[in-house]
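J.: Provided herewith is a single structure, encoded as structure tokens, for subsequent inquiry.
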Amino acid sequence: MKILLPVDGSEVALKAVRLAIELTRKGLQADMVLANVQEPASLYEMVMAPDPQVLENVSEGAGVYLLEGAEALLKQAGIPYECEVASGDPGHTIIDIVERFGCDMVLMGSHGKGSLRSALLGSVSQAVLHAAQVPVMIVKPDGDDAD
């Protein structure tokens with residue numbers, strides 16, 4: 001089994017990674033795919049950047065940085081994983097990653113560190129839940145019973 005773990009640096013995303021580790025400790029045979037999706041550059045950023053490659057490098061670096069905590073957890077647990085940093089609309093891009101990597105499941109946090117639109121019942125997790133052709137498990141933040 002291959003599980004996609006979308007990570008944005010939030011505590012609830014790391015909680016999802018910890019749950020995936022717990023499931024493997026209980027016998028689930030799984031490889032993990034860690035993914036971070038960077039939203040496209042704003043018009044302001046595109047105008048201000050002297051070179052489009054600069055924006056791409058900054059976006060890639062931010063994605064790699066945000067994956068570090070999850071990578072450390074999986075390394076410590078001895079669980080095989082792959083990493084992907086992508087750019088685009090988070091919901092659609094996560095679905096693309098599921099298909100590209102042949103994932104059997106998505107395990108993700110309900111709310112992350114996205115833009116204001118992500119404040120609405122975790123719009124990214126909701127988009128993935130509705131569009132995915134594989135099972136999606138949503139992890140809620142500690143003490144969150146509003147959802």
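Naming works like this for the structure tokens: A, B, ... for the chains as they're shown, residue 1 at the start of each chain, ligands 1 onward in shown order.
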Just the strand (DSSP E) stuff from range 81-143 of chain A, please, per backbone DSSP, written as a list in words.
T.: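 Taking range 81-143 of chain A and keeping strand (DSSP E) gives Tyr81, Glu82, Cys83, Glu84, Val85, Ala86, Ser87, Met105, Val106, Leu107, Met108, Gly109, Val136, Met137, Ile138 and Val139 of chain A.
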J.: Identify, on the basis of only C-alpha atoms, every residue whose closest approach to Ile138 in chain A does not exceed 10 Å; exclude the query and any residue fewer than 3 positions from it along the same chain; express the result as a list in words.
T.: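 Once the adjacent positions are removed, what remains is Val12, Ala13, Ala16, Val106, Leu107, Met108, Gly109, Ser110, His111, Gly122, Ser125, Gln126, Val128, Leu129, Pro135 and Pro141 of chain A.
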J.: Got a sec: who's within 10 Å of range 59-74 of chain A, counting only C-alpha atoms, leaving out chain neighbours fewer than 5 positions off, as a PDB file with all heavy atoms, in the first residue's frame?
T.:
ATOM      1  N   LEU A   5       0.771  11.576   2.074  1.00  0.00           N
ATOM      2  CA  LEU A   5       0.674  12.437   3.251  1.00  0.00           C
ATOM      3  C   LEU A   5       0.964  13.881   2.824  1.00  0.00           C
ATOM      4  O   LEU A   5       2.118  14.289   2.756  1.00  0.00           O
ATOM      5  CB  LEU A   5       1.690  12.007   4.306  1.00  0.00           C
ATOM      6  CG  LEU A   5       1.523  10.596   4.864  1.00  0.00           C
ATOM      7  CD1 LEU A   5       2.784  10.145   5.591  1.00  0.00           C
ATOM      8  CD2 LEU A   5       0.319  10.541   5.782  1.00  0.00           C
ATOM      9  N   PRO A   6      -0.076  14.661   2.505  1.00  0.00           N
ATOM     10  CA  PRO A   6       0.154  16.069   2.185  1.00  0.00           C
ATOM     11  C   PRO A   6       0.599  16.815   3.450  1.00  0.00           C
ATOM     12  O   PRO A   6      -0.032  16.693   4.494  1.00  0.00           O
ATOM     13  CB  PRO A   6      -1.210  16.576   1.710  1.00  0.00           C
ATOM     14  CG  PRO A   6      -1.972  15.335   1.349  1.00  0.00           C
ATOM     15  CD  PRO A   6      -1.470  14.282   2.290  1.00  0.00           C
ATOM     16  N   VAL A   7       1.681  17.565   3.353  1.00  0.00           N
ATOM     17  CA  VAL A   7       2.263  18.240   4.510  1.00  0.00           C
ATOM     18  C   VAL A   7       2.429  19.716   4.181  1.00  0.00           C
ATOM     19  O   VAL A   7       2.965  20.072   3.139  1.00  0.00           O
ATOM     20  CB  VAL A   7       3.634  17.618   4.869  1.00  0.00           C
ATOM     21  CG1 VAL A   7       4.288  18.359   6.004  1.00  0.00           C
ATOM     22  CG2 VAL A   7       3.484  16.146   5.197  1.00  0.00           C
ATOM     23  N   ASP A   8       1.965  20.566   5.107  1.00  0.00           N
ATOM     24  CA  ASP A   8       2.102  22.010   4.912  1.00  0.00           C
ATOM     25  C   ASP A   8       2.821  22.691   6.067  1.00  0.00           C
ATOM     26  O   ASP A   8       2.836  23.900   6.170  1.00  0.00           O
ATOM     27  CB  ASP A   8       0.728  22.655   4.706  1.00  0.00           C
ATOM     28  CG  ASP A   8      -0.181  22.482   5.907  1.00  0.00           C
ATOM     29  OD1 ASP A   8       0.244  21.876   6.919  1.00  0.00           O
ATOM     30  OD2 ASP A   8      -1.322  22.957   5.846  1.00  0.00           O
ATOM     31  N   GLY A   9       3.393  21.899   6.952  1.00  0.00           N
ATOM     32  CA  GLY A   9       4.100  22.471   8.095  1.00  0.00           C
ATOM     33  C   GLY A   9       3.229  22.670   9.315  1.00  0.00           C
ATOM     34  O   GLY A   9       3.727  23.034  10.373  1.00  0.00           O
ATOM     35  N   SER A  10       1.937  22.418   9.205  1.00  0.00           N
ATOM     36  CA  SER A  10       1.036  22.608  10.346  1.00  0.00           C
ATOM     37  C   SER A  10       1.129  21.419  11.300  1.00  0.00           C
ATOM     38  O   SER A  10       1.541  20.316  10.925  1.00  0.00           O
ATOM     39  CB  SER A  10      -0.413  22.765   9.864  1.00  0.00           C
ATOM     40  OG  SER A  10      -0.869  21.559   9.273  1.00  0.00           O
ATOM     41  N   GLU A  11       0.717  21.647  12.532  1.00  0.00           N
ATOM     42  CA  GLU A  11       0.734  20.585  13.531  1.00  0.00           C
ATOM     43  C   GLU A  11      -0.227  19.461  13.154  1.00  0.00           C
ATOM     44  O   GLU A  11       0.066  18.284  13.369  1.00  0.00           O
ATOM     45  CB  GLU A  11       0.401  21.138  14.925  1.00  0.00           C
ATOM     46  CG  GLU A  11       0.493  20.105  16.021  1.00  0.00           C
ATOM     47  CD  GLU A  11       1.826  19.339  16.080  1.00  0.00           C
ATOM     48  OE1 GLU A  11       2.895  19.955  15.897  1.00  0.00           O
ATOM     49  OE2 GLU A  11       1.788  18.106  16.288  1.00  0.00           O
ATOM     50  N   ALA A  13      -0.987  18.445  10.191  1.00  0.00           N
ATOM     51  CA  ALA A  13      -0.359  17.642   9.133  1.00  0.00           C
ATOM     52  C   ALA A  13       0.631  16.658   9.749  1.00  0.00           C
ATOM     53  O   ALA A  13       0.695  15.490   9.343  1.00  0.00           O
ATOM     54  CB  ALA A  13       0.330  18.545   8.114  1.00  0.00           C
ATOM     55  N   LEU A  14       1.390  17.115  10.736  1.00  0.00           N
ATOM     56  CA  LEU A  14       2.322  16.212  11.423  1.00  0.00           C
ATOM     57  C   LEU A  14       1.570  15.159  12.238  1.00  0.00           C
ATOM     58  O   LEU A  14       2.027  14.023  12.382  1.00  0.00           O
ATOM     59  CB  LEU A  14       3.276  17.007  12.305  1.00  0.00           C
ATOM     60  CG  LEU A  14       4.276  17.889  11.552  1.00  0.00           C
ATOM     61  CD1 LEU A  14       5.127  18.677  12.528  1.00  0.00           C
ATOM     62  CD2 LEU A  14       5.127  17.073  10.600  1.00  0.00           C
ATOM     63  N   LYS A  15       0.400  15.523  12.746  1.00  0.00           N
ATOM     64  CA  LYS A  15      -0.439  14.552  13.454  1.00  0.00           C
ATOM     65  C   LYS A  15      -0.850  13.435  12.493  1.00  0.00           C
ATOM     66  O   LYS A  15      -0.883  12.252  12.869  1.00  0.00           O
ATOM     67  CB  LYS A  15      -1.663  15.256  14.048  1.00  0.00           C
ATOM     68  CG  LYS A  15      -2.552  14.344  14.867  1.00  0.00           C
ATOM     69  CD  LYS A  15      -3.732  15.102  15.472  1.00  0.00           C
ATOM     70  CE  LYS A  15      -4.644  14.163  16.238  1.00  0.00           C
ATOM     71  NZ  LYS A  15      -5.848  14.842  16.732  1.00  0.00           N
ATOM     72  N   ALA A  16      -1.157  13.786  11.247  1.00  0.00           N
ATOM     73  CA  ALA A  16      -1.505  12.784  10.237  1.00  0.00           C
ATOM     74  C   ALA A  16      -0.318  11.862   9.959  1.00  0.00           C
ATOM     75  O   ALA A  16      -0.484  10.646   9.816  1.00  0.00           O
ATOM     76  CB  ALA A  16      -1.977  13.472   8.954  1.00  0.00           C
ATOM     77  N   VAL A  17       0.889  12.428   9.904  1.00  0.00           N
ATOM     78  CA  VAL A  17       2.091  11.612   9.706  1.00  0.00           C
ATOM     79  C   VAL A  17       2.270  10.654  10.888  1.00  0.00           C
ATOM     80  O   VAL A  17       2.561   9.473  10.699  1.00  0.00           O
ATOM     81  CB  VAL A  17       3.339  12.503   9.509  1.00  0.00           C
ATOM     82  CG1 VAL A  17       4.612  11.661   9.459  1.00  0.00           C
ATOM     83  CG2 VAL A  17       3.206  13.350   8.240  1.00  0.00           C
ATOM     84  N   ARG A  18       2.077  11.156  12.099  1.00  0.00           N
ATOM     85  CA  ARG A  18       2.202  10.296  13.281  1.00  0.00           C
ATOM     86  C   ARG A  18       1.173   9.167  13.261  1.00  0.00           C
ATOM     87  O   ARG A  18       1.458   8.039  13.669  1.00  0.00           O
ATOM     88  CB  ARG A  18       2.063  11.126  14.560  1.00  0.00           C
ATOM     89  CG  ARG A  18       3.253  12.023  14.835  1.00  0.00           C
ATOM     90  CD  ARG A  18       3.111  12.745  16.182  1.00  0.00           C
ATOM     91  NE  ARG A  18       4.054  13.831  16.260  1.00  0.00           N
ATOM     92  CZ  ARG A  18       3.767  15.112  16.006  1.00  0.00           C
ATOM     93  NH1 ARG A  18       2.535  15.493  15.699  1.00  0.00           N
ATOM     94  NH2 ARG A  18       4.708  16.027  16.094  1.00  0.00           N
ATOM     95  N   ALA A  20      -0.059   7.783  10.530  1.00  0.00           N
ATOM     96  CA  ALA A  20       0.424   6.831   9.525  1.00  0.00           C
ATOM     97  C   ALA A  20       1.505   5.929  10.128  1.00  0.00           C
ATOM     98  O   ALA A  20       1.522   4.716   9.894  1.00  0.00           O
ATOM     99  CB  ALA A  20       0.959   7.575   8.312  1.00  0.00           C
ATOM    100  N   ILE A  21       2.380   6.512  10.920  1.00  0.00           N
ATOM    101  CA  ILE A  21       3.430   5.729  11.589  1.00  0.00           C
ATOM    102  C   ILE A  21       2.803   4.728  12.555  1.00  0.00           C
ATOM    103  O   ILE A  21       3.193   3.556  12.600  1.00  0.00           O
ATOM    104  CB  ILE A  21       4.426   6.667  12.308  1.00  0.00           C
ATOM    105  CG1 ILE A  21       5.230   7.474  11.274  1.00  0.00           C
ATOM    106  CG2 ILE A  21       5.342   5.885  13.234  1.00  0.00           C
ATOM    107  CD1 ILE A  21       6.022   8.632  11.853  1.00  0.00           C
ATOM    108  N   MET A  32       5.253   5.559   2.142  1.00  0.00           N
ATOM    109  CA  MET A  32       4.632   6.878   2.227  1.00  0.00           C
ATOM    110  C   MET A  32       5.142   7.800   1.120  1.00  0.00           C
ATOM    111  O   MET A  32       6.289   7.683   0.696  1.00  0.00           O
ATOM    112  CB  MET A  32       4.938   7.530   3.582  1.00  0.00           C
ATOM    113  CG  MET A  32       4.617   6.676   4.790  1.00  0.00           C
ATOM    114  SD  MET A  32       2.851   6.361   4.954  1.00  0.00           S
ATOM    115  CE  MET A  32       2.876   5.047   6.160  1.00  0.00           C
ATOM    116  N   LEU A  34       5.390  11.825   0.852  1.00  0.00           N
ATOM    117  CA  LEU A  34       5.203  13.147   1.463  1.00  0.00           C
ATOM    118  C   LEU A  34       5.088  14.155   0.340  1.00  0.00           C
ATOM    119  O   LEU A  34       5.886  14.140  -0.602  1.00  0.00           O
ATOM    120  CB  LEU A  34       6.408  13.511   2.331  1.00  0.00           C
ATOM    121  CG  LEU A  34       6.646  12.657   3.566  1.00  0.00           C
ATOM    122  CD1 LEU A  34       7.941  13.089   4.246  1.00  0.00           C
ATOM    123  CD2 LEU A  34       5.479  12.766   4.527  1.00  0.00           C
ATOM    124  N   ALA A  35       4.106  15.032   0.434  1.00  0.00           N
ATOM    125  CA  ALA A  35       3.928  16.029  -0.613  1.00  0.00           C
ATOM    126  C   ALA A  35       3.645  17.393   0.003  1.00  0.00           C
ATOM    127  O   ALA A  35       2.951  17.505   1.007  1.00  0.00           O
ATOM    128  CB  ALA A  35       2.778  15.635  -1.542  1.00  0.00           C
ATOM    129  N   ASN A  36       4.212  18.400  -0.632  1.00  0.00           N
ATOM    130  CA  ASN A  36       3.901  19.781  -0.275  1.00  0.00           C
ATOM    131  C   ASN A  36       3.524  20.489  -1.561  1.00  0.00           C
ATOM    132  O   ASN A  36       4.214  20.363  -2.571  1.00  0.00           O
ATOM    133  CB  ASN A  36       5.087  20.483   0.374  1.00  0.00           C
ATOM    134  CG  ASN A  36       4.772  21.951   0.642  1.00  0.00           C
ATOM    135  OD1 ASN A  36       5.076  22.804  -0.177  1.00  0.00           O
ATOM    136  ND2 ASN A  36       4.142  22.222   1.757  1.00  0.00           N
ATOM    137  N   VAL A  37       2.415  21.221  -1.515  1.00  0.00           N
ATOM    138  CA  VAL A  37       1.963  21.966  -2.687  1.00  0.00           C
ATOM    139  C   VAL A  37       2.065  23.452  -2.389  1.00  0.00           C
ATOM    140  O   VAL A  37       1.442  23.944  -1.446  1.00  0.00           O
ATOM    141  CB  VAL A  37       0.516  21.591  -3.076  1.00  0.00           C
ATOM    142  CG1 VAL A  37       0.070  22.400  -4.289  1.00  0.00           C
ATOM    143  CG2 VAL A  37       0.408  20.092  -3.352  1.00  0.00           C
ATOM    144  N   GLN A  38       2.862  24.126  -3.180  1.00  0.00           N
ATOM    145  CA  GLN A  38       3.014  25.567  -3.063  1.00  0.00           C
ATOM    146  C   GLN A  38       2.015  26.239  -3.998  1.00  0.00           C
ATOM    147  O   GLN A  38       1.876  25.829  -5.156  1.00  0.00           O
ATOM    148  CB  GLN A  38       4.439  25.982  -3.470  1.00  0.00           C
ATOM    149  CG  GLN A  38       5.511  25.462  -2.532  1.00  0.00           C
ATOM    150  CD  GLN A  38       5.450  26.173  -1.198  1.00  0.00           C
ATOM    151  OE1 GLN A  38       5.506  27.388  -1.129  1.00  0.00           O
ATOM    152  NE2 GLN A  38       5.336  25.396  -0.134  1.00  0.00           N
ATOM    153  N   GLU A  39       1.310  27.231  -3.483  1.00  0.00           N
ATOM    154  CA  GLU A  39       0.382  27.960  -4.347  1.00  0.00           C
ATOM    155  C   GLU A  39       1.170  28.767  -5.359  1.00  0.00           C
ATOM    156  O   GLU A  39       2.292  29.192  -5.085  1.00  0.00           O
ATOM    157  CB  GLU A  39      -0.535  28.849  -3.502  1.00  0.00           C
ATOM    158  CG  GLU A  39      -1.476  28.011  -2.652  1.00  0.00           C
ATOM    159  CD  GLU A  39      -2.662  28.784  -2.115  1.00  0.00           C
ATOM    160  OE1 GLU A  39      -3.082  29.757  -2.770  1.00  0.00           O
ATOM    161  OE2 GLU A  39      -3.151  28.401  -1.057  1.00  0.00           O
ATOM    162  N   PRO A  40       0.607  28.970  -6.556  1.00  0.00           N
ATOM    163  CA  PRO A  40       1.324  29.731  -7.586  1.00  0.00           C
ATOM    164  C   PRO A  40       1.661  31.143  -7.108  1.00  0.00           C
ATOM    165  O   PRO A  40       0.992  31.694  -6.231  1.00  0.00           O
ATOM    166  CB  PRO A  40       0.333  29.785  -8.745  1.00  0.00           C
ATOM    167  CG  PRO A  40      -0.645  28.692  -8.482  1.00  0.00           C
ATOM    168  CD  PRO A  40      -0.700  28.511  -6.995  1.00  0.00           C
ATOM    169  N   ALA A  41       2.686  31.710  -7.699  1.00  0.00           N
ATOM    170  CA  ALA A  41       3.105  33.071  -7.357  1.00  0.00           C
ATOM    171  C   ALA A  41       1.981  34.061  -7.652  1.00  0.00           C
ATOM    172  O   ALA A  41       1.229  33.903  -8.610  1.00  0.00           O
ATOM    173  CB  ALA A  41       4.345  33.448  -8.154  1.00  0.00           C
ATOM    174  N   GLN A  53      12.820  32.058 -12.643  1.00  0.00           N
ATOM    175  CA  GLN A  53      13.540  30.964 -12.000  1.00  0.00           C
ATOM    176  C   GLN A  53      13.717  31.238 -10.499  1.00  0.00           C
ATOM    177  O   GLN A  53      13.714  30.319  -9.699  1.00  0.00           O
ATOM    178  CB  GLN A  53      14.905  30.748 -12.665  1.00  0.00           C
ATOM    179  CG  GLN A  53      15.637  29.512 -12.178  1.00  0.00           C
ATOM    180  CD  GLN A  53      14.868  28.223 -12.489  1.00  0.00           C
ATOM    181  OE1 GLN A  53      14.334  28.054 -13.574  1.00  0.00           O
ATOM    182  NE2 GLN A  53      14.806  27.330 -11.513  1.00  0.00           N
ATOM    183  N   VAL A  54      13.831  32.515 -10.131  1.00  0.00           N
ATOM    184  CA  VAL A  54      13.960  32.886  -8.723  1.00  0.00           C
ATOM    185  C   VAL A  54      12.700  32.449  -7.959  1.00  0.00           C
ATOM    186  O   VAL A  54      12.795  31.842  -6.892  1.00  0.00           O
ATOM    187  CB  VAL A  54      14.194  34.407  -8.564  1.00  0.00           C
ATOM    188  CG1 VAL A  54      14.076  34.835  -7.115  1.00  0.00           C
ATOM    189  CG2 VAL A  54      15.529  34.801  -9.147  1.00  0.00           C
ATOM    190  N   ILE A  79      10.463   4.140   8.157  1.00  0.00           N
ATOM    191  CA  ILE A  79       9.435   3.885   7.141  1.00  0.00           C
ATOM    192  C   ILE A  79       9.891   4.468   5.806  1.00  0.00           C
ATOM    193  O   ILE A  79      10.247   5.648   5.735  1.00  0.00           O
ATOM    194  CB  ILE A  79       8.085   4.498   7.563  1.00  0.00           C
ATOM    195  CG1 ILE A  79       7.612   3.830   8.850  1.00  0.00           C
ATOM    196  CG2 ILE A  79       7.045   4.357   6.446  1.00  0.00           C
ATOM    197  CD1 ILE A  79       6.386   4.461   9.463  1.00  0.00           C
ATOM    198  N   PRO A  80       9.860   3.675   4.732  1.00  0.00           N
ATOM    199  CA  PRO A  80      10.260   4.180   3.414  1.00  0.00           C
ATOM    200  C   PRO A  80       9.303   5.276   2.934  1.00  0.00           C
ATOM    201  O   PRO A  80       8.091   5.200   3.156  1.00  0.00           O
ATOM    202  CB  PRO A  80      10.149   2.951   2.500  1.00  0.00           C
ATOM    203  CG  PRO A  80       9.994   1.778   3.390  1.00  0.00           C
ATOM    204  CD  PRO A  80       9.479   2.269   4.703  1.00  0.00           C
ATOM    205  N   TYR A  81       9.869   6.275   2.267  1.00  0.00           N
ATOM    206  CA  TYR A  81       9.039   7.360   1.758  1.00  0.00           C
ATOM    207  C   TYR A  81       9.684   8.004   0.539  1.00  0.00           C
ATOM    208  O   TYR A  81      10.876   7.872   0.301  1.00  0.00           O
ATOM    209  CB  TYR A  81       8.789   8.422   2.837  1.00  0.00           C
ATOM    210  CG  TYR A  81      10.024   9.181   3.255  1.00  0.00           C
ATOM    211  CD1 TYR A  81      10.369  10.379   2.628  1.00  0.00           C
ATOM    212  CD2 TYR A  81      10.849   8.706   4.269  1.00  0.00           C
ATOM    213  CE1 TYR A  81      11.511  11.069   3.009  1.00  0.00           C
ATOM    214  CE2 TYR A  81      11.981   9.390   4.654  1.00  0.00           C
ATOM    215  CZ  TYR A  81      12.308  10.573   4.016  1.00  0.00           C
ATOM    216  OH  TYR A  81      13.432  11.259   4.392  1.00  0.00           O
ATOM    217  N   GLU A  82       8.845   8.686  -0.219  1.00  0.00           N
ATOM    218  CA  GLU A  82       9.274   9.516  -1.336  1.00  0.00           C
ATOM    219  C   GLU A  82       8.763  10.923  -1.040  1.00  0.00           C
ATOM    220  O   GLU A  82       7.826  11.092  -0.263  1.00  0.00           O
ATOM    221  CB  GLU A  82       8.654   9.034  -2.648  1.00  0.00           C
ATOM    222  CG  GLU A  82       9.012   7.611  -3.028  1.00  0.00           C
ATOM    223  CD  GLU A  82       8.221   7.145  -4.232  1.00  0.00           C
ATOM    224  OE1 GLU A  82       8.537   7.584  -5.360  1.00  0.00           O
ATOM    225  OE2 GLU A  82       7.275   6.353  -4.031  1.00  0.00           O
ATOM    226  N   CYS A  83       9.376  11.923  -1.688  1.00  0.00           N
ATOM    227  CA  CYS A  83       8.938  13.308  -1.490  1.00  0.00           C
ATOM    228  C   CYS A  83       8.594  13.955  -2.827  1.00  0.00           C
ATOM    229  O   CYS A  83       9.213  13.662  -3.850  1.00  0.00           O
ATOM    230  CB  CYS A  83      10.037  14.136  -0.839  1.00  0.00           C
ATOM    231  SG  CYS A  83      10.312  13.744   0.889  1.00  0.00           S
ATOM    232  N   GLU A  84       7.636  14.852  -2.772  1.00  0.00           N
ATOM    233  CA  GLU A  84       7.237  15.616  -3.951  1.00  0.00           C
ATOM    234  C   GLU A  84       6.891  17.033  -3.505  1.00  0.00           C
ATOM    235  O   GLU A  84       6.104  17.228  -2.569  1.00  0.00           O
ATOM    236  CB  GLU A  84       6.019  14.970  -4.607  1.00  0.00           C
ATOM    237  CG  GLU A  84       5.423  15.740  -5.750  1.00  0.00           C
ATOM    238  CD  GLU A  84       6.219  15.630  -7.038  1.00  0.00           C
ATOM    239  OE1 GLU A  84       7.260  14.935  -7.066  1.00  0.00           O
ATOM    240  OE2 GLU A  84       5.805  16.252  -8.027  1.00  0.00           O
ATOM    241  N   VAL A  85       7.493  18.013  -4.174  1.00  0.00           N
ATOM    242  CA  VAL A  85       7.108  19.405  -3.989  1.00  0.00           C
ATOM    243  C   VAL A  85       6.534  19.856  -5.325  1.00  0.00           C
ATOM    244  O   VAL A  85       7.184  19.717  -6.361  1.00  0.00           O
ATOM    245  CB  VAL A  85       8.301  20.300  -3.586  1.00  0.00           C
ATOM    246  CG1 VAL A  85       7.866  21.761  -3.521  1.00  0.00           C
ATOM    247  CG2 VAL A  85       8.868  19.848  -2.245  1.00  0.00           C
ATOM    248  N   ALA A  86       5.310  20.354  -5.289  1.00  0.00           N
ATOM    249  CA  ALA A  86       4.629  20.758  -6.510  1.00  0.00           C
ATOM    250  C   ALA A  86       4.061  22.157  -6.326  1.00  0.00           C
ATOM    251  O   ALA A  86       3.999  22.678  -5.220  1.00  0.00           O
ATOM    252  CB  ALA A  86       3.515  19.764  -6.837  1.00  0.00           C
ATOM    253  N   SER A  87       3.625  22.723  -7.426  1.00  0.00           N
ATOM    254  CA  SER A  87       3.036  24.058  -7.395  1.00  0.00           C
ATOM    255  C   SER A  87       1.697  24.006  -8.126  1.00  0.00           C
ATOM    256  O   SER A  87       1.565  23.317  -9.137  1.00  0.00           O
ATOM    257  CB  SER A  87       3.970  25.058  -8.081  1.00  0.00           C
ATOM    258  OG  SER A  87       3.403  26.348  -8.060  1.00  0.00           O
TER     259      SER A  87
END
J.: CA of Leu23 in chain A and CA of Met1 in chain A are how many Å apart?
T.: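 Atom-to-atom, CA of Leu23 in chain A and CA of Met1 in chain A are spaced 11.9 Å apart.
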J.: Quick one, how far is CA of Val136 in chain A from CA of Glu99 in chain A?
T.: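 Rounded to one decimal, the two atoms are 13.5 Å apart.
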J.: CA of Ile94 in chain A to CA of Val139 in chain A: how many Å, to one decimal?
T.: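 We find that CA of Ile94 in chain A and CA of Val139 in chain A lie 16.1 Å from each other.
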J.: Let me make sure I understand: among A:Pro50, A:Lys2, A:Lys140, A:Gly78, which one has the smallest atom-to-atom distance to Arg25 in chain A if we use only C-alpha atoms?
T.: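 Nearest to Arg25 in chain A: A:Gly78.
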